[in-house]
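Novice: Here you go, start-v5.csv (CSV, C-alpha atoms):
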chain,number,residue,atom,x,y,z
A,1,MET,CA,67.0,53.5,-5.1
A,2,ARG,CA,68.8,50.4,-6.5
A,3,ILE,CA,66.2,48.7,-8.7
A,4,GLY,CA,66.5,45.4,-10.5
A,5,VAL,CA,64.1,45.2,-13.4
A,6,ILE,CA,63.5,41.6,-14.5
A,7,GLY,CA,62.4,41.5,-18.1
A,8,ALA,CA,63.2,44.3,-20.6
A,9,GLY,CA,60.2,44.2,-22.9
A,10,ASN,CA,57.7,46.9,-23.3
A,11,VAL,CA,56.7,47.1,-19.7
A,12,GLY,CA,60.1,46.5,-18.1
A,13,GLY,CA,61.8,48.8,-20.6
A,14,THR,CA,59.4,51.6,-20.0
A,15,LEU,CA,59.6,51.3,-16.2
A,16,GLY,CA,63.4,51.1,-16.3
A,17,ARG,CA,63.8,54.1,-18.5
A,18,SER,CA,61.4,56.1,-16.4
A,19,TRP,CA,63.1,55.2,-13.2
A,20,VAL,CA,66.5,56.1,-14.6
A,21,GLN,CA,65.1,59.5,-15.5
A,22,LYS,CA,64.1,60.0,-11.8
A,23,GLY,CA,67.6,59.2,-10.7
A,24,HIS,CA,67.4,55.6,-9.6
A,25,ASP,CA,70.1,53.1,-10.2
A,26,VAL,CA,68.6,50.5,-12.5
A,27,MET,CA,69.9,47.1,-13.7
A,28,PHE,CA,67.9,45.1,-16.1
A,29,GLY,CA,67.9,41.3,-15.6
A,30,VAL,CA,67.5,39.2,-18.8
A,31,PRO,CA,68.6,35.9,-20.1
A,32,ASN,CA,71.0,37.5,-22.6
A,33,PRO,CA,72.3,40.9,-21.4
A,34,THR,CA,74.2,41.5,-24.7
A,35,ALA,CA,71.3,41.0,-27.1
A,36,PRO,CA,71.0,43.9,-29.6
A,37,LYS,CA,67.6,44.9,-28.2
A,38,MET,CA,69.0,45.1,-24.7
A,39,LEU,CA,71.9,47.2,-25.9
A,40,GLU,CA,69.5,49.5,-27.7
A,41,LEU,CA,67.4,49.9,-24.5
A,42,LEU,CA,70.5,50.8,-22.5
A,43,LYS,CA,71.4,53.4,-25.1
A,44,ALA,CA,67.9,54.9,-24.7
A,45,THR,CA,68.7,55.3,-21.0
A,46,GLY,CA,71.6,57.5,-21.9
A,47,GLY,CA,74.0,54.8,-20.7
A,48,LYS,CA,72.7,55.2,-17.2
A,49,ALA,CA,71.3,51.7,-16.7
A,50,ARG,CA,73.1,48.4,-16.8
A,51,ALA,CA,72.1,44.9,-17.9
A,52,GLY,CA,72.9,41.6,-16.3
A,53,GLY,CA,71.6,38.1,-15.7
A,54,ILE,CA,68.4,37.7,-13.7
A,55,ALA,CA,70.3,36.7,-10.6
A,56,GLU,CA,72.7,39.6,-10.9
A,57,ALA,CA,69.9,42.2,-11.4
A,58,ALA,CA,67.9,40.8,-8.5
A,59,ALA,CA,71.0,41.0,-6.3
A,60,HIS,CA,71.5,44.6,-7.4
A,61,GLY,CA,68.1,45.7,-6.4
A,62,GLU,CA,66.8,46.7,-3.0
A,63,VAL,CA,63.6,46.9,-5.1
A,64,VAL,CA,63.1,44.1,-7.7
A,65,ALA,CA,60.4,44.6,-10.4
A,66,PHE,CA,59.1,41.5,-12.3
A,67,ALA,CA,57.9,42.5,-15.8
A,68,THR,CA,57.9,39.1,-17.4
A,69,PRO,CA,55.4,37.2,-19.4
A,70,TRP,CA,53.3,35.1,-17.1
A,71,ALA,CA,54.7,31.8,-18.5
A,72,ALA,CA,58.2,32.9,-17.7
A,73,THR,CA,57.5,34.4,-14.3
A,74,GLN,CA,57.9,31.3,-12.0
A,75,ASP,CA,61.3,30.5,-13.6
A,76,ALA,CA,62.4,34.2,-13.4
A,77,VAL,CA,61.6,34.3,-9.7
A,78,ARG,CA,63.5,31.0,-9.1
A,79,GLN,CA,66.5,32.4,-11.0
A,80,ALA,CA,66.4,35.6,-9.0
A,81,GLY,CA,67.6,33.7,-6.0
A,82,ASP,CA,67.3,35.0,-2.5
A,83,LEU,CA,64.6,37.8,-2.3
A,84,ALA,CA,64.2,37.8,1.4
A,85,GLY,CA,63.5,41.3,2.7
A,86,LYS,CA,63.5,42.9,-0.8
A,87,VAL,CA,60.6,45.0,-2.1
A,88,ILE,CA,59.2,43.0,-5.0
A,89,LEU,CA,57.0,44.8,-7.5
A,90,ASP,CA,54.9,42.3,-9.3
A,91,CYS,CA,54.0,43.9,-12.6
A,92,THR,CA,53.0,40.7,-14.3
A,93,ASN,CA,49.5,39.5,-15.2
A,94,PRO,CA,48.6,35.8,-15.2
A,95,LEU,CA,47.0,36.0,-18.7
A,96,LYS,CA,46.2,33.1,-20.8
A,97,GLU,CA,48.4,33.2,-23.9
A,98,ASP,CA,45.4,34.1,-26.2
A,99,LEU,CA,44.3,36.8,-23.8
A,100,SER,CA,41.0,35.0,-23.4
A,101,GLY,CA,41.1,35.1,-19.6
A,102,LEU,CA,43.2,34.8,-16.5
A,103,ALA,CA,45.2,31.7,-16.1
A,104,VAL,CA,44.7,31.4,-12.4
A,105,GLY,CA,41.9,32.1,-10.0
A,106,HIS,CA,39.1,33.4,-12.2
A,107,THR,CA,36.8,30.6,-13.2
A,108,THR,CA,33.3,32.0,-13.4
A,109,SER,CA,31.2,34.9,-12.4
A,110,GLY,CA,27.9,35.7,-10.8
A,111,ALA,CA,26.5,36.8,-14.1
A,112,GLU,CA,27.3,33.4,-15.7
A,113,ARG,CA,25.4,31.8,-12.8
A,114,VAL,CA,22.5,34.2,-13.3
A,115,ALA,CA,22.4,33.4,-17.0
A,116,ALA,CA,22.3,29.7,-16.2
A,117,TRP,CA,19.4,30.3,-13.8
A,118,ALA,CA,17.5,32.7,-16.1
A,119,SER,CA,17.0,30.2,-18.8
A,120,GLY,CA,16.5,31.9,-22.2
A,121,GLY,CA,16.9,35.4,-20.7
A,122,ARG,CA,19.4,37.6,-22.5
A,123,VAL,CA,21.6,38.6,-19.6
A,124,VAL,CA,23.7,41.8,-19.5
A,125,LYS,CA,26.1,42.5,-16.6
A,126,VAL,CA,25.7,46.2,-15.8
A,127,PHE,CA,25.0,48.7,-13.0
A,128,ASN,CA,27.3,46.7,-10.7
A,129,THR,CA,30.5,48.6,-10.7
A,130,THR,CA,29.6,51.7,-8.7
A,131,GLY,CA,27.5,52.7,-5.8
A,132,PHE,CA,23.9,53.7,-5.8
A,133,GLU,CA,24.8,57.3,-5.0
A,134,ASN,CA,26.7,57.5,-8.3
A,135,MET,CA,23.8,55.9,-10.1
A,136,ALA,CA,21.6,58.8,-8.8
A,137,GLN,CA,24.3,61.3,-10.0
A,138,PRO,CA,26.6,59.9,-12.6
A,139,SER,CA,28.2,63.2,-13.4
A,140,TYR,CA,31.5,64.3,-11.8
A,141,GLY,CA,32.5,67.9,-12.5
A,142,GLY,CA,30.2,68.0,-15.5
A,143,THR,CA,31.5,64.9,-17.2
A,144,PRO,CA,29.9,61.4,-17.1
A,145,ILE,CA,31.5,58.6,-15.2
A,146,THR,CA,31.9,55.2,-16.9
A,147,MET,CA,29.4,52.3,-16.8
A,148,PHE,CA,30.9,49.1,-18.2
A,149,PHE,CA,28.5,46.4,-19.5
A,150,ALA,CA,29.1,42.9,-20.7
A,151,GLY,CA,26.8,40.4,-22.4
A,152,ASP,CA,26.4,38.0,-25.3
A,153,ASP,CA,23.3,39.4,-27.0
A,154,ALA,CA,23.8,42.5,-29.1
A,155,GLN,CA,20.3,43.9,-28.8
A,156,ALA,CA,20.2,43.4,-25.0
A,157,LYS,CA,23.5,45.2,-24.7
A,158,ARG,CA,22.1,48.1,-26.7
A,159,VAL,CA,19.2,48.3,-24.2
A,160,ALA,CA,21.6,48.3,-21.3
A,161,ALA,CA,23.8,51.0,-23.0
A,162,GLN,CA,20.7,53.2,-23.7
A,163,LEU,CA,19.5,53.0,-20.1
A,164,ALA,CA,23.0,53.9,-18.8
A,165,GLN,CA,23.3,56.8,-21.2
A,166,GLU,CA,19.9,58.2,-20.4
A,167,MET,CA,20.9,58.2,-16.7
A,168,GLY,CA,24.0,60.2,-17.6
A,169,PHE,CA,26.7,57.5,-17.7
A,170,ASP,CA,29.3,57.0,-20.4
A,171,PRO,CA,28.4,53.4,-21.3
A,172,VAL,CA,31.4,51.3,-22.3
A,173,ASP,CA,31.1,47.8,-24.0
A,174,ALA,CA,33.3,45.4,-22.0
A,175,GLY,CA,32.6,42.4,-24.2
A,176,PRO,CA,30.9,39.0,-23.7
A,177,LEU,CA,29.1,38.0,-20.5
A,178,ALA,CA,32.1,36.0,-19.3
A,179,ASN,CA,33.8,39.4,-18.9
A,180,ALA,CA,31.6,39.8,-15.9
A,181,ARG,CA,34.6,38.0,-14.4
A,182,LEU,CA,36.4,41.3,-14.9
A,183,LEU,CA,33.5,43.6,-13.9
A,184,GLU,CA,32.6,41.9,-10.6
A,185,PRO,CA,36.1,42.4,-9.2
A,186,LEU,CA,35.9,46.0,-10.3
A,187,ALA,CA,32.8,46.3,-8.1
A,188,LEU,CA,34.6,44.8,-5.1
A,189,LEU,CA,37.5,47.2,-5.6
A,190,TRP,CA,35.1,50.1,-5.6
A,191,ILE,CA,33.6,48.8,-2.3
A,192,TYR,CA,37.0,48.3,-0.8
A,193,LEU,CA,38.2,51.8,-1.7
A,194,ALA,CA,35.0,53.4,-0.6
A,195,VAL,CA,34.6,51.5,2.7
A,196,LYS,CA,37.9,50.1,3.9
A,197,GLN,CA,40.3,52.7,2.4
A,198,GLY,CA,38.1,55.6,3.6
A,199,HIS,CA,37.5,57.3,0.2
A,200,GLY,CA,33.8,57.3,0.8
A,201,THR,CA,31.1,56.7,-1.8
A,202,GLY,CA,32.0,59.8,-3.8
A,203,ILE,CA,34.4,58.0,-6.0
A,204,ALA,CA,34.0,56.5,-9.5
A,205,TYR,CA,35.8,54.9,-12.4
A,206,LYS,CA,36.3,57.0,-15.5
A,207,LEU,CA,37.8,55.5,-18.6
A,208,VAL,CA,39.7,58.4,-20.1
A,209,HIS,CA,41.0,58.7,-23.6
A,210,ARG,CA,44.1,60.4,-24.7
B,1,MET,CA,10.3,50.6,-22.0
B,2,ARG,CA,8.5,48.3,-19.6
B,3,ILE,CA,11.0,47.5,-16.9
B,4,GLY,CA,10.8,45.1,-13.9
B,5,VAL,CA,13.2,46.0,-11.1
B,6,ILE,CA,13.7,43.0,-8.8
B,7,GLY,CA,14.8,44.4,-5.4
B,8,ALA,CA,14.0,47.8,-4.1
B,9,GLY,CA,17.0,48.5,-1.9
B,10,ASN,CA,19.6,51.3,-2.6
B,11,VAL,CA,20.5,50.0,-6.0
B,12,GLY,CA,17.1,48.9,-7.3
B,13,GLY,CA,15.4,52.0,-5.8
B,14,THR,CA,17.9,54.3,-7.4
B,15,LEU,CA,17.7,52.6,-10.8
B,16,GLY,CA,13.9,52.5,-10.8
B,17,ARG,CA,13.6,56.2,-9.8
B,18,SER,CA,16.0,57.2,-12.5
B,19,TRP,CA,14.2,55.2,-15.2
B,20,VAL,CA,10.8,56.6,-14.2
B,21,GLN,CA,12.3,60.1,-14.7
B,22,LYS,CA,13.3,59.1,-18.2
B,23,GLY,CA,9.7,58.0,-19.0
B,24,HIS,CA,10.0,54.3,-18.6
B,25,ASP,CA,7.2,52.1,-17.2
B,26,VAL,CA,8.7,50.7,-14.0
B,27,MET,CA,7.4,48.0,-11.7
B,28,PHE,CA,9.3,47.0,-8.6
B,29,GLY,CA,9.3,43.3,-7.7
B,30,VAL,CA,9.6,42.5,-4.0
B,31,PRO,CA,8.5,39.9,-1.5
B,32,ASN,CA,6.2,42.4,0.2
B,33,PRO,CA,4.9,45.1,-2.1
B,34,THR,CA,2.9,47.0,0.6
B,35,ALA,CA,5.8,47.3,3.0
B,36,PRO,CA,6.3,50.9,4.3
B,37,LYS,CA,9.7,51.4,2.7
B,38,MET,CA,8.3,50.2,-0.7
B,39,LEU,CA,5.4,52.6,-0.4
B,40,GLU,CA,7.8,55.4,0.4
B,41,LEU,CA,9.8,54.6,-2.7
B,42,LEU,CA,6.7,54.6,-4.9
B,43,LYS,CA,5.9,58.0,-3.5
B,44,ALA,CA,9.4,59.2,-4.4
B,45,THR,CA,8.7,58.3,-8.0
B,46,GLY,CA,5.7,60.7,-8.0
B,47,GLY,CA,3.4,57.7,-8.0
B,48,LYS,CA,4.6,56.8,-11.5
B,49,ALA,CA,6.0,53.4,-10.6
B,50,ARG,CA,4.2,50.4,-9.2
B,51,ALA,CA,5.2,47.5,-7.0
B,52,GLY,CA,4.2,43.8,-7.2
B,53,GLY,CA,5.5,40.4,-6.4
B,54,ILE,CA,8.7,39.2,-8.1
B,55,ALA,CA,6.8,37.1,-10.6
B,56,GLU,CA,4.5,40.0,-11.4
B,57,ALA,CA,7.2,42.6,-11.9
B,58,ALA,CA,9.2,40.1,-14.0
B,59,ALA,CA,6.2,39.5,-16.2
B,60,HIS,CA,5.7,43.3,-16.5
B,61,GLY,CA,9.1,43.9,-17.9
B,62,GLU,CA,10.5,43.5,-21.4
B,63,VAL,CA,13.6,44.4,-19.4
B,64,VAL,CA,14.1,42.8,-16.0
B,65,ALA,CA,16.8,44.2,-13.7
B,66,PHE,CA,18.0,42.1,-10.8
B,67,ALA,CA,19.3,44.3,-8.0
B,68,THR,CA,19.2,41.7,-5.2
B,69,PRO,CA,21.8,40.7,-2.5
B,70,TRP,CA,23.8,37.8,-3.9
B,71,ALA,CA,22.4,35.3,-1.4
B,72,ALA,CA,18.8,36.2,-2.6
B,73,THR,CA,19.5,36.2,-6.3
B,74,GLN,CA,19.1,32.5,-7.2
B,75,ASP,CA,15.7,32.4,-5.5
B,76,ALA,CA,14.7,35.7,-7.1
B,77,VAL,CA,15.5,34.4,-10.5
B,78,ARG,CA,13.5,31.3,-9.8
B,79,GLN,CA,10.5,33.2,-8.6
B,80,ALA,CA,10.7,35.5,-11.6
B,81,GLY,CA,9.4,32.6,-13.7
B,82,ASP,CA,9.8,32.5,-17.5
B,83,LEU,CA,12.5,35.0,-18.6
B,84,ALA,CA,12.9,33.6,-22.1
B,85,GLY,CA,13.7,36.4,-24.6
B,86,LYS,CA,13.7,39.1,-22.0
B,87,VAL,CA,16.6,41.5,-21.6
B,88,ILE,CA,18.0,40.7,-18.1
B,89,LEU,CA,20.2,43.3,-16.4
B,90,ASP,CA,22.3,41.6,-13.8
B,91,CYS,CA,23.2,44.4,-11.4
B,92,THR,CA,24.2,42.0,-8.6
B,93,ASN,CA,27.6,41.2,-7.3
B,94,PRO,CA,28.5,37.8,-5.9
B,95,LEU,CA,30.1,39.3,-2.8
B,96,LYS,CA,30.9,37.3,0.4
B,97,GLU,CA,28.7,38.7,3.1
B,98,ASP,CA,31.6,40.2,5.0
B,99,LEU,CA,32.8,41.9,1.7
B,100,SER,CA,36.1,40.0,2.0
B,101,GLY,CA,36.0,38.7,-1.5
B,102,LEU,CA,33.9,37.3,-4.3
B,103,ALA,CA,31.8,34.2,-3.5
B,104,VAL,CA,32.4,32.6,-6.8
B,105,GLY,CA,35.1,32.3,-9.3
B,106,HIS,CA,37.9,34.3,-7.8
B,107,THR,CA,40.2,32.0,-5.8
B,108,THR,CA,43.7,33.3,-6.1
B,109,SER,CA,45.9,35.7,-8.1
B,110,GLY,CA,49.2,35.7,-9.9
B,111,ALA,CA,50.6,38.0,-7.2
B,112,GLU,CA,49.8,35.5,-4.5
B,113,ARG,CA,51.7,32.8,-6.6
B,114,VAL,CA,54.6,35.2,-7.0
B,115,ALA,CA,54.6,35.8,-3.2
B,116,ALA,CA,54.7,32.1,-2.6
B,117,TRP,CA,57.6,31.7,-5.0
B,118,ALA,CA,59.5,34.8,-3.9
B,119,SER,CA,60.1,33.5,-0.4
B,120,GLY,CA,60.6,36.3,2.1
B,121,GLY,CA,60.2,39.0,-0.6
B,122,ARG,CA,57.7,41.8,0.2
B,123,VAL,CA,55.5,41.7,-2.8
B,124,VAL,CA,53.4,44.6,-4.1
B,125,LYS,CA,51.1,44.2,-7.1
B,126,VAL,CA,51.6,47.4,-9.2
B,127,PHE,CA,52.2,48.6,-12.7
B,128,ASN,CA,50.0,45.9,-14.1
B,129,THR,CA,46.7,47.7,-14.8
B,130,THR,CA,47.7,49.8,-17.8
B,131,GLY,CA,49.8,49.6,-21.0
B,132,PHE,CA,53.4,50.5,-21.3
B,133,GLU,CA,52.5,53.5,-23.4
B,134,ASN,CA,50.7,54.9,-20.4
B,135,MET,CA,53.6,54.1,-18.1
B,136,ALA,CA,55.7,56.3,-20.4
B,137,GLN,CA,53.1,59.1,-20.3
B,138,PRO,CA,50.8,58.8,-17.3
B,139,SER,CA,49.2,62.2,-17.8
B,140,TYR,CA,46.0,62.7,-19.7
B,141,GLY,CA,45.0,66.2,-20.4
B,142,GLY,CA,47.4,67.4,-17.7
B,143,THR,CA,46.0,65.2,-14.9
B,144,PRO,CA,47.5,62.0,-13.7
B,145,ILE,CA,45.9,58.6,-14.4
B,146,THR,CA,45.5,56.1,-11.5
B,147,MET,CA,47.9,53.4,-10.5
B,148,PHE,CA,46.4,50.9,-8.1
B,149,PHE,CA,48.7,48.9,-5.9
B,150,ALA,CA,48.1,46.1,-3.4
B,151,GLY,CA,50.4,44.4,-0.9
B,152,ASP,CA,50.8,43.3,2.7
B,153,ASP,CA,53.9,45.2,3.7
B,154,ALA,CA,53.4,48.9,4.5
B,155,GLN,CA,57.0,50.0,3.7
B,156,ALA,CA,57.1,48.1,0.4
B,157,LYS,CA,53.8,49.7,-0.5
B,158,ARG,CA,55.2,53.1,0.2
B,159,VAL,CA,58.1,52.3,-2.2
B,160,ALA,CA,55.7,51.3,-4.9
B,161,ALA,CA,53.6,54.4,-4.4
B,162,GLN,CA,56.6,56.7,-4.5
B,163,LEU,CA,57.8,55.2,-7.7
B,164,ALA,CA,54.4,55.5,-9.3
B,165,GLN,CA,54.1,59.1,-8.1
B,166,GLU,CA,57.5,60.0,-9.4
B,167,MET,CA,56.5,58.7,-12.8
B,168,GLY,CA,53.4,60.9,-12.8
B,169,PHE,CA,50.7,58.5,-11.7
B,170,ASP,CA,48.1,59.1,-9.0
B,171,PRO,CA,48.9,56.1,-6.8
B,172,VAL,CA,45.9,54.5,-5.0
B,173,ASP,CA,46.2,52.0,-2.3
B,174,ALA,CA,44.0,49.0,-3.1
B,175,GLY,CA,44.6,47.0,0.0
B,176,PRO,CA,46.2,43.7,0.8
B,177,LEU,CA,48.0,41.5,-1.7
B,178,ALA,CA,45.0,39.3,-2.1
B,179,ASN,CA,43.3,42.3,-3.7
B,180,ALA,CA,45.5,41.5,-6.7
B,181,ARG,CA,42.5,39.3,-7.4
B,182,LEU,CA,40.8,42.6,-8.2
B,183,LEU,CA,43.7,44.3,-10.0
B,184,GLU,CA,44.5,41.5,-12.4
B,185,PRO,CA,41.0,41.4,-13.9
B,186,LEU,CA,41.3,45.2,-14.3
B,187,ALA,CA,44.4,44.6,-16.4
B,188,LEU,CA,42.6,42.1,-18.6
B,189,LEU,CA,39.7,44.5,-19.0
B,190,TRP,CA,42.2,47.2,-20.2
B,191,ILE,CA,43.7,44.8,-22.7
B,192,TYR,CA,40.2,43.8,-23.9
B,193,LEU,CA,39.1,47.4,-24.4
B,194,ALA,CA,42.3,48.4,-26.0
B,195,VAL,CA,42.7,45.4,-28.4
B,196,LYS,CA,39.4,43.7,-28.9
B,197,GLN,CA,37.0,46.7,-28.6
B,198,GLY,CA,39.2,48.9,-30.7
B,199,HIS,CA,39.8,51.7,-28.2
B,200,GLY,CA,43.6,51.4,-28.8
B,201,THR,CA,46.2,51.9,-26.1
B,202,GLY,CA,45.4,55.5,-25.4
B,203,ILE,CA,42.9,54.7,-22.7
B,204,ALA,CA,43.4,54.6,-18.9
B,205,TYR,CA,41.5,54.3,-15.7
B,206,LYS,CA,41.1,57.3,-13.6
B,207,LEU,CA,39.6,57.1,-10.1
B,208,VAL,CA,37.6,60.4,-9.9
B,209,HIS,CA,36.5,62.0,-6.7
B,210,ARG,CA,33.3,64.1,-6.3
How does the structure come out when it is put into structure tokens?

Specialist:
Amino acid sequence: MRIGVIGAGNVGGTLGRSWVQKGHDVMFGVPNPTAPKMLELLKATGGKARAGGIAEAAAHGEVVAFATPWAATQDAVRQAGDLAGKVILDCTNPLKEDLSGLAVGHTTSGAERVAAWASGGRVVKVFNTTGFENMAQPSYGGTPITMFFAGDDAQAKRVAAQLAQEMGFDPVDAGPLANARLLEPLALLWIYLAVKQGHGTGIAYKLVHR
Amino acid sequence: MRIGVIGAGNVGGTLGRSWVQKGHDVMFGVPNPTAPKMLELLKATGGKARAGGIAEAAAHGEVVAFATPWAATQDAVRQAGDLAGKVILDCTNPLKEDLSGLAVGHTTSGAERVAAWASGGRVVKVFNTTGFENMAQPSYGGTPITMFFAGDDAQAKRVAAQLAQEMGFDPVDAGPLANARLLEPLALLWIYLAVKQGHGTGIAYKLVHR
């Protein structure tokens, strides 16, 4: 395939290198195609990829992958020009610059509501990211599946982790209660995969370590 | 521990049974503690758990787990009474009743913005839920890690899946583009775990099947 990769940082560079290895015709699109880092990346592809401006790389691709920082994405899409009919891979994330949250769309969570209602209670978000069948049997092929938990009270979090571990889960601390904004979507994704995509309820998330 | 489990459906019932097995003192809190299904559940715990009203079960617990449908949660928390100082496990999910989305907080996604900007482009959200190190080496212990993708155009999604598979990922169809609302939080969770929780970048999500 002819692929335009917009952005040549860690993500764009890695994707482009990998796609070159698989035999695809890759052009990186960046503001300055002759910058030293860009030339170094092209060398790392064995000279098999090219670099051009954003519009040029987008025109090259039947597939165009955007791997830009969020703040640069709207402008990159504009510069890319006519994208009608092309396959666009959106590899970006709308992160706030301090990584404290998502810049769009994610403004609160059920857990934060519960905490507001449960005045004085030390709320932990937990046991929400998998089905009850997995809660009854949290072991897959002899290894524990993951249970994420999030909260603002260290002792309450230890209780949640202990209960999850006793049940057979691998408990993973996912940070403060506001990170329920990340765990509740994970629950909906599980439901979607189980119910709408036909995987059934015998699926689970496992955080694996290298 | 003394645990109050508010709600005795699939999730509450499974959690309560499991906690009884681990030796905890469980009381279920439900509107009708003598309903046939409740009595059946108590029998399944070997008579080791009790049932009471919501306020009674909440008062019983040093830990109180809410496993209620979202629409019933605010009222259940209110009925639970004074929760000050207690450990509250929020096992709920603020799902819309038709499971089409989250009822609070999650209103759009970066991908939907990109699709609006990339007029006519067939956008797929992909390669956003893991670090570039994993994109270079998507195999953990000889098995592929998961790459979720979401989009509205079937052919564009096949392209994304093929590229991910060629790289060595296990591609998993996560539904329509609006489900980027679920995948972007997953990205932020990865970043949080890698950077803030000290797991480092050698972690990845794997969707496991029973």

Novice: Could you list, as a PyMOL selection string, every residue within 6 Å of B:Lys125, counting all atoms listed in the file and ignoring same-chain residues fewer than 6 positions away?

Specialist: (chain A and resi 89-90) or (chain B and resi 149-150)

Novice: I'd like to know which of A:Cys91, A:Ala44, A:Ala164, A:Arg50 is closest to B:Val124, using all atoms listed in the file.

Specialist: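 Of the candidates, the smallest distance to B:Val124 is held by A:Cys91.
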
Novice: Find the residues near B:Val26: any atom within 9 Å, counting all atoms listed in the file, skip ones fewer than 2 places away on the same chain, and give them as an MDAnalysis selection string.

Specialist: chainID B and resid 1:5 16:17 19:20 23:24 28 48:51 57 60:61

Novice: Could you state the separation of atom CA of B:Phe148 and atom CA of A:Leu186 in Å, given to one decimal place?

Specialist: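 Value for the atom CA of B:Phe148-atom CA of A:Leu186 distance: 11.8 Å.
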
Novice: Quick one: residues within 9 Å of (45.7, 43.0, -11.7) (file frame), counting all atoms listed in the file, please, as a count of residues only.

Specialist: 24

Novice: Have a look at B:Gly53, B:Pro31, B:Gly12, B:Pro171 and name the one nearest to chain A; count all atoms listed in the file.

Specialist: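 Of B:Gly53, B:Pro31, B:Gly12, B:Pro171, the one nearest chain A is B:Gly12, counting all atoms listed in the file.
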
Novice: Between atom CA of A:Ile203 and atom CA of A:Met167, what is the spacing in Å?

Specialist: 17.2 Å

Novice: Would you please work out which residue, of B:Lys206, B:Lys86, B:Arg158, B:Arg78, is nearest to B:Val63 when using only C-alpha atoms?

Specialist: B:Lys86

Novice: Excluding A:Leu193 and any residue of its chain fewer than 2 positions from it, enumerate the residues within 12 Å of it, using all atoms listed in the file, and give them as an NGL selection string.

Specialist: (:A and (130-131 or 186-191 or 195-205)) or (:B and (99 or 148-150 or 172-176 or 179 or 182 or 207-209))
